[in-house]
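Undergrad: My structure is below; once you've seen it, I'll send some questions.
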Amino acid sequence: MLGEAGQDIQSINTMDEDDTDGQKAVLKQAEKKISALKPLADLYTAYLMDSTIQPVDYNTLFYNLAKQQPVDNPLLSDLPEILDKVESFTERHRFFHWPLEFPDVFGSENSSFVIRNSQLNCGFSTTVGNPPWDIVKPNSQEFFSAYDPKFRSYKKQEANRVSKKLMADNPAIAKRWKEYCDGFAKQSTYFKEPLSYTALGKGDINTFKLFLEQFFTVLADGGRMGIVVPSGIYTDQGCQPLREMFFNQSRIEFLYGFENRRAVFNIHRSFKFVLFGTQKGGKTDRFKCAFMEHDPERLPAIDANALKISVKQVKKFSPDTLSVMEFKSQQDIDVTAKIYGDWPLLGEKLEDTWNVKFRSELHMTNDSHLFKTTPTDCLLYEGKMIWLFDSAFEQPRYWLDRDEVEEALGENAWEGRHYRVGFRDVAASTNERTLIASIVPPYWIGNTLPTVIPKDTGKGSNGPNDLEGIWLATFLGSFCADFVIRQKITNHMNFFYMKTIPVPRETESAILKSFPVVIAKSMRLICVKDEFKKLWENIFSSDWQSPEFWYPPSAPIDNYGPAYEQEIRRRLRDEARNLTPEWGPHCGVHDRLPDRRDIGDRAQLRAEIDAYVAHLYGLSRDDFAYILDTFPVLKKKEEKAFGEFMSKRKCLEEYDRICKLGITNYE
């Protein structure tokens with residue numbers, strides 16, 4: 001019937017232009033055929049929307065409607081009520097059935113209306129648009145602004161008070177609010193139904209995701225789609241099913257990301273949007289991409305100079321989420337590929353070694369009743385309190401009562417008695433540094449500083465022990481890891497981003513055998529307070545007391561750099577004899593500016609660590625220099641403070657020195 005209606009409408013194109021009466025007659029005939037199908041389509045949609053409609057009732061009702069038989073049945077007395085419900089849903093939600101609205105597209109002679117693998121074997125040759133970027137959930141500001149024009153200006157508590165009063169004073173408003181919320185609940189049920197949408201993903205139901213899938217579904221094989229959507233299409237975890245669908249079922253032609261700095265759209269200037277185009281059918285091998293663009297009028301130049309990235313590389317860099325990194329140049333792609341190499345990602349579960357799980361311990365809002373403003377013997381750690389290899393970047397705001405926290409956290413309280421790796425939750429790819437991680441002493445931590453769950457066999461945790469934690473913090477604190485993560489995030493360090501960082505997952509014995517000097521250097525940076533006394537005494541090795549351990553004679557330390565830096569290296573070498581198994585202030589290195597910017601001995605050790613990590617990742621000198629140049633804010637600050645980009649010079653000097661040791665890659 002749909003095919004016949006489609007043929008009828010297509011036949012209008014062959015009729016004389018003046019034969020309007022004939023055209024109207026054919027159209028009326030087609031609409032009559034379609035009208036017989038609409039109740040069935042409405043019933044099907046309502047069935048997916050309302051879980052209270054039972055399959056047996058649906059089947060019976062569908063059969064009766066298809067046969068145009070009455071639904072009054074003494075044995076099935078609920079059918080009329082269900083039909084009334086279907087009609088109510090149809091009127092309220094204005095069901096739109098693509099095949100019925102466009103029978104000439106979906107029901108023509110050459111394309112019958114058949115669903116195969118959630119894809120129509122017919123459809124449009126092109127879909128183009130800029131869909132709404134909303135979330136499918138009730139919006140109190142939108143609803144109550146119709147009754148109080150000032151409602152959008154109220155803060156949360158005031159808005160709650162006003163809305164409750166409006167509903168209490170006027171039951172009709174309360175009824176409409178309930179219907180409004182129920183409508184969204186029904187929509188959500190429909191959208192989450194696999195027969196409706198197959199690539200919705202986790203998290204909020206964003207309308208742009210619905211439009212992306214629908215634009216693609218109604219395409220004919222070989223048809224092209226062009227759409228404007230938020231940048232989440234290539235970054236968000238919730239869009240992973242969509243990315244997988246486009247990679248496996250289409251040939252992506254372009255993905256061009258823009259910042260809204262020129263206010264192309266009436267949204268925040270930092271918001272990023274994407275021009276995305278693909279052709280349905282086949283698979284994607286490579287696609288053109290560009291990021292951090294600002295002017296859509298430059299589109300011809302952007303297209304001409306676009307980067308090309310392979311799906312194989314996408315899967316290597318983000319195997320679980322298939323997120324696309326924001327590369328700025330082809331060299332970004334090449335250097336990133338070297339860093340990833342064959343290393344395991346943090347999110348991979350490996351046998352016979354430690355594995356990583358993340359934890360948010362105390363919530364800064366929900367657990368605020370535990371926070372004290374009067375100092376106790378237990379600090380509350382927050383993200384802003386740490387920096388690279390530094391656990392005291394800022395002073396604490398709050399303190400805790402140990403017994404109260406033990407009770408509140410229950411079986412997870414044990415973690416607060418361990419040293420562990422923490423990283424800042426709030427981060428930006430445009431900051432001086434993005435991935436800020438360090439070792440946190442045995443205190444409990446707010447959710448702005450997520451942690452890696454440490455090792456405790458008694459608690460069933462196979463996380464990193466103290467030495468392995470230092471190893472992990474060393475890599476996370478490097479320029480190399482930061483370079484990788486800056487191409488993934490915007491302003492928030494989600495767990496799934498952390499899971500995509502490549503880190504050699506070495507056991508304690510392998511670390512001590514291969515690069516104990518890296519651990520020793522990190523320990524001198526971290527253990528500057530008595531809070532790290534136990535950590536120092538647990539990891540300390542008598543090898544550290546040998547000057548040759550720190551600086552082997554085969555790579556001289558006094559023939560490069562300014563004279564005062566040569567003196568710093570000689571002093572660090574000679575201080576080895578004074579290091580003791582028992583921690584004391586002399587075990588750490590302390591040189592900093594008033595703003596806690598590392599200078600002197602701390603800057604020296606950090607440069608050495610970064611150079612070692614670059615070698616471990618198998619980077620060339622040019623690769624490493626390129627990475628360092630991708631930190632423009634750091635460069636600007638150091639040029640102002642020191643008259644040069646000190647970090648770059650020192651890192652490359654140490655890279656060259658380490659070359660003389662015969663270390664070209666991890667072994």
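Chain identifiers are assigned as A, B, and so on, following the order in which chains appear in the structure tokens; residues are numbered from 1 within each chain, and ligands are numbered from 1 in order of appearance.
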Which neighbours of segment 8-18 of chain A fall inside 7 Å, counting only C-alpha atoms, when residues of the same chain fewer than 3 positions from it are skipped, and could you give them as an MDAnalysis selection string?
TA: chainID A and resid 4:5 23 26:27 30 104
Undergrad: Go ahead and save the picked residues with N, CA and C atoms, as a PDB file, in the first residue's frame.
TA:
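Generated file (part-v4.pdb):
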```
ATOM      1  N   GLU A   4       2.362   1.627  -3.395  1.00  0.00           N
ATOM      2  CA  GLU A   4       1.392   2.141  -4.360  1.00  0.00           C
ATOM      3  C   GLU A   4       1.221   3.650  -4.200  1.00  0.00           C
ATOM      4  N   ALA A   5       1.154   4.106  -2.937  1.00  0.00           N
ATOM      5  CA  ALA A   5       1.015   5.546  -2.684  1.00  0.00           C
ATOM      6  C   ALA A   5       2.230   6.292  -3.202  1.00  0.00           C
ATOM      7  N   GLN A  23      -3.944  15.960 -11.003  1.00  0.00           N
ATOM      8  CA  GLN A  23      -2.909  15.881  -9.959  1.00  0.00           C
ATOM      9  C   GLN A  23      -3.543  15.776  -8.575  1.00  0.00           C
ATOM     10  N   VAL A  26      -4.988  12.273  -8.008  1.00  0.00           N
ATOM     11  CA  VAL A  26      -3.954  11.274  -7.717  1.00  0.00           C
ATOM     12  C   VAL A  26      -3.428  11.451  -6.299  1.00  0.00           C
ATOM     13  N   LEU A  27      -3.217  12.721  -5.917  1.00  0.00           N
ATOM     14  CA  LEU A  27      -2.720  12.982  -4.558  1.00  0.00           C
ATOM     15  C   LEU A  27      -3.735  12.530  -3.515  1.00  0.00           C
ATOM     16  N   ALA A  30      -3.564   8.842  -3.174  1.00  0.00           N
ATOM     17  CA  ALA A  30      -2.390   8.417  -2.405  1.00  0.00           C
ATOM     18  C   ALA A  30      -2.594   8.664  -0.919  1.00  0.00           C
ATOM     19  N   ASP A 104       6.763   8.795  -1.534  1.00  0.00           N
ATOM     20  CA  ASP A 104       7.509   8.723  -2.788  1.00  0.00           C
ATOM     21  C   ASP A 104       8.986   8.464  -2.543  1.00  0.00           C
TER      22      ASP A 104
END
```
Undergrad: If you run DSSP on the backbone, which residues of segment 109-233 of chain A are strand (DSSP E or B), as JSON, numbers by chain?
TA: {"A": [115, 116, 119, 120, 124, 125, 126, 127, 128, 129, 135, 206, 219, 220, 221, 222, 223, 224, 225, 226, 227, 228, 229, 230]}
Undergrad: Write out, as an mmCIF file, in the first residue's frame, the residues just selected, with C-alpha atoms.
TA:
```
data_model
loop_
_atom_site.group_PDB
_atom_site.id
_atom_site.type_symbol
_atom_site.label_atom_id
_atom_site.label_comp_id
_atom_site.auth_asym_id
_atom_site.auth_seq_id
_atom_site.Cartn_x
_atom_site.Cartn_y
_atom_site.Cartn_z
ATOM 1 C CA ILE A 115 13.821 -2.139 7.921
ATOM 2 C CA ARG A 116 17.135 -3.984 7.877
ATOM 3 C CA GLN A 119 18.511 1.085 8.506
ATOM 4 C CA LEU A 120 15.956 1.747 5.778
ATOM 5 C CA PHE A 124 16.732 10.618 0.901
ATOM 6 C CA SER A 125 19.779 11.360 -1.193
ATOM 7 C CA THR A 126 20.789 14.198 1.177
ATOM 8 C CA THR A 127 20.034 15.376 4.701
ATOM 9 C CA VAL A 128 21.263 18.788 5.848
ATOM 10 C CA GLY A 129 20.565 20.789 8.969
ATOM 11 C CA ILE A 135 18.543 17.942 26.573
ATOM 12 C CA ASN A 206 20.854 15.221 23.827
ATOM 13 C CA LEU A 219 19.334 8.441 4.110
ATOM 14 C CA ALA A 220 19.378 6.076 1.175
ATOM 15 C CA ASP A 221 22.509 4.010 0.725
ATOM 16 C CA GLY A 222 25.064 6.291 -0.907
ATOM 17 C CA GLY A 223 23.262 9.396 0.351
ATOM 18 C CA ARG A 224 25.160 12.216 2.038
ATOM 19 C CA MET A 225 24.576 13.949 5.349
ATOM 20 C CA GLY A 226 25.805 17.389 6.419
ATOM 21 C CA ILE A 227 25.014 18.598 9.911
ATOM 22 C CA VAL A 228 26.072 21.196 12.490
ATOM 23 C CA VAL A 229 26.371 19.727 16.001
ATOM 24 C CA PRO A 230 28.268 20.308 19.280
#
```
Undergrad: Record the distance separating atom CA of Phe287 of chain A and atom CA of Phe254 of chain A, expressed in Å with one decimal.
TA: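 Pair atom CA of Phe287 of chain A / atom CA of Phe254 of chain A returns 5.9 Å.
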Undergrad: For the interface of segment 12-75 of chain A with segment 84-90 of chain A (cut-off 9 Å, counting only C-alpha atoms), please tabulate each contacting residue of segment 12-75 of chain A alongside its nearest pair of atoms and their separation in Å to one decimal, rows sorted by chain and increasing number, as a tab-separated table.
TA:
```
residue	atom	partner	partner_atom	distance
A:Pro39	CA	A:Glu87	CA	8.7
A:Asp42	CA	A:Thr90	CA	6.5
A:Leu43	CA	A:Val86	CA	6.0
A:Thr45	CA	A:Val86	CA	8.6
A:Ala46	CA	A:Val86	CA	5.7
A:Tyr47	CA	A:Val86	CA	8.2
A:Met49	CA	A:Phe89	CA	8.9
```
Undergrad: Produce a file of the selected residues containing N, CA and C atoms, as a PDB file, in the first residue's frame.
TA:
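So out.pdb came out as:
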```pdb
ATOM      1  N   PRO A  39      -3.030   4.849  11.569  1.00  0.00           N
ATOM      2  CA  PRO A  39      -3.348   4.298  12.896  1.00  0.00           C
ATOM      3  C   PRO A  39      -2.368   3.209  13.329  1.00  0.00           C
ATOM      4  N   ASP A  42       0.826   4.994  14.378  1.00  0.00           N
ATOM      5  CA  ASP A  42       0.616   5.654  15.671  1.00  0.00           C
ATOM      6  C   ASP A  42       0.638   4.639  16.810  1.00  0.00           C
ATOM      7  N   LEU A  43      -0.006   3.508  16.603  1.00  0.00           N
ATOM      8  CA  LEU A  43      -0.034   2.459  17.628  1.00  0.00           C
ATOM      9  C   LEU A  43       1.378   1.956  17.916  1.00  0.00           C
ATOM     10  N   THR A  45       4.245   3.492  17.519  1.00  0.00           N
ATOM     11  CA  THR A  45       5.028   4.510  18.221  1.00  0.00           C
ATOM     12  C   THR A  45       4.597   4.619  19.678  1.00  0.00           C
ATOM     13  N   ALA A  46       3.295   4.602  19.911  1.00  0.00           N
ATOM     14  CA  ALA A  46       2.800   4.683  21.287  1.00  0.00           C
ATOM     15  C   ALA A  46       3.230   3.461  22.094  1.00  0.00           C
ATOM     16  N   TYR A  47       3.258   2.303  21.461  1.00  0.00           N
ATOM     17  CA  TYR A  47       3.690   1.072  22.135  1.00  0.00           C
ATOM     18  C   TYR A  47       5.139   1.188  22.609  1.00  0.00           C
ATOM     19  N   MET A  49       6.544   3.965  23.309  1.00  0.00           N
ATOM     20  CA  MET A  49       6.597   5.074  24.257  1.00  0.00           C
ATOM     21  C   MET A  49       6.044   4.686  25.622  1.00  0.00           C
TER      22      MET A  49
END
```
Undergrad: What's the separation between atom CA of Asp543 of chain A and atom CA of Tyr560 of chain A, in Å to one decimal place?
TA: 26.1 Å
Undergrad: What are the closest atom pairs, with distances in Å to one decimal, for all residues of segment 562-626 of chain A lying within 10 Å of segment 498-517 of chain A? Consider only C-alpha atoms, order rows by chain and residue number, and present the result as JSON lines.
TA:
```
{"residue": "A:Ile609", "atom": "CA", "partner": "A:Val517", "partner_atom": "CA", "distance": 9.1}
{"residue": "A:Tyr612", "atom": "CA", "partner": "A:Phe515", "partner_atom": "CA", "distance": 9.1}
{"residue": "A:Leu616", "atom": "CA", "partner": "A:Pro504", "partner_atom": "CA", "distance": 8.8}
{"residue": "A:Tyr617", "atom": "CA", "partner": "A:Pro504", "partner_atom": "CA", "distance": 9.0}
```
Undergrad: Filtering to C-alpha atoms, could you give me those residues as a compact mmCIF listing (two decimals), in the first residue's frame?
TA:
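As written to disk, result35.txt reads:
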```
# COMPACT_ATOMS: atom_id res chain seq x y z
CA ILE A 609 62.64 13.45 34.59
CA TYR A 612 63.98 10.44 30.67
CA LEU A 616 61.22 6.05 27.36
CA TYR A 617 58.49 6.95 24.85
```
Undergrad: Would you mind listing what lies within 7 Å of Pro450 of chain A as a list in words, with only C-alpha atoms counted and same-chain residues fewer than 6 positions away left out?
TA: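 My list of contacting residues is Phe358, Arg359, Ser360, Gly422, Phe423, Arg424 and Asp425 of chain A.
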Undergrad: Just N, CA and C atoms for this one: save the residues we selected as an mmCIF file, in the first residue's frame.
TA:
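Result written to result_8.cif:
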```cif
data_model
loop_
_atom_site.group_PDB
_atom_site.id
_atom_site.type_symbol
_atom_site.label_atom_id
_atom_site.label_comp_id
_atom_site.auth_asym_id
_atom_site.auth_seq_id
_atom_site.Cartn_x
_atom_site.Cartn_y
_atom_site.Cartn_z
ATOM 1 N N PHE A 358 39.696 4.578 39.452
ATOM 2 C CA PHE A 358 39.662 5.930 39.991
ATOM 3 C C PHE A 358 38.554 6.071 41.026
ATOM 4 N N ARG A 359 38.754 7.018 41.910
ATOM 5 C CA ARG A 359 37.785 7.240 42.986
ATOM 6 C C ARG A 359 37.605 8.731 43.237
ATOM 7 N N SER A 360 36.355 9.145 43.430
ATOM 8 C CA SER A 360 36.049 10.460 44.004
ATOM 9 C C SER A 360 35.617 10.196 45.440
ATOM 10 N N GLY A 422 46.874 11.483 42.869
ATOM 11 C CA GLY A 422 45.690 12.312 42.665
ATOM 12 C C GLY A 422 45.905 13.244 41.489
ATOM 13 N N PHE A 423 44.813 13.644 40.846
ATOM 14 C CA PHE A 423 44.918 14.580 39.722
ATOM 15 C C PHE A 423 43.757 15.562 39.777
ATOM 16 N N ARG A 424 44.023 16.759 39.296
ATOM 17 C CA ARG A 424 42.999 17.803 39.328
ATOM 18 C C ARG A 424 41.855 17.471 38.375
ATOM 19 N N ASP A 425 40.646 17.610 38.902
ATOM 20 C CA ASP A 425 39.447 17.364 38.115
ATOM 21 C C ASP A 425 39.193 18.498 37.121
#
```
Undergrad: Could you tell me how far atom CA of Lys288 of chain A sits from atom CA of Asn130 of chain A, in Å to one decimal place?
TA: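 Computed distance, atom CA of Asn130 of chain A to atom CA of Lys288 of chain A, equals 20.4 Å.
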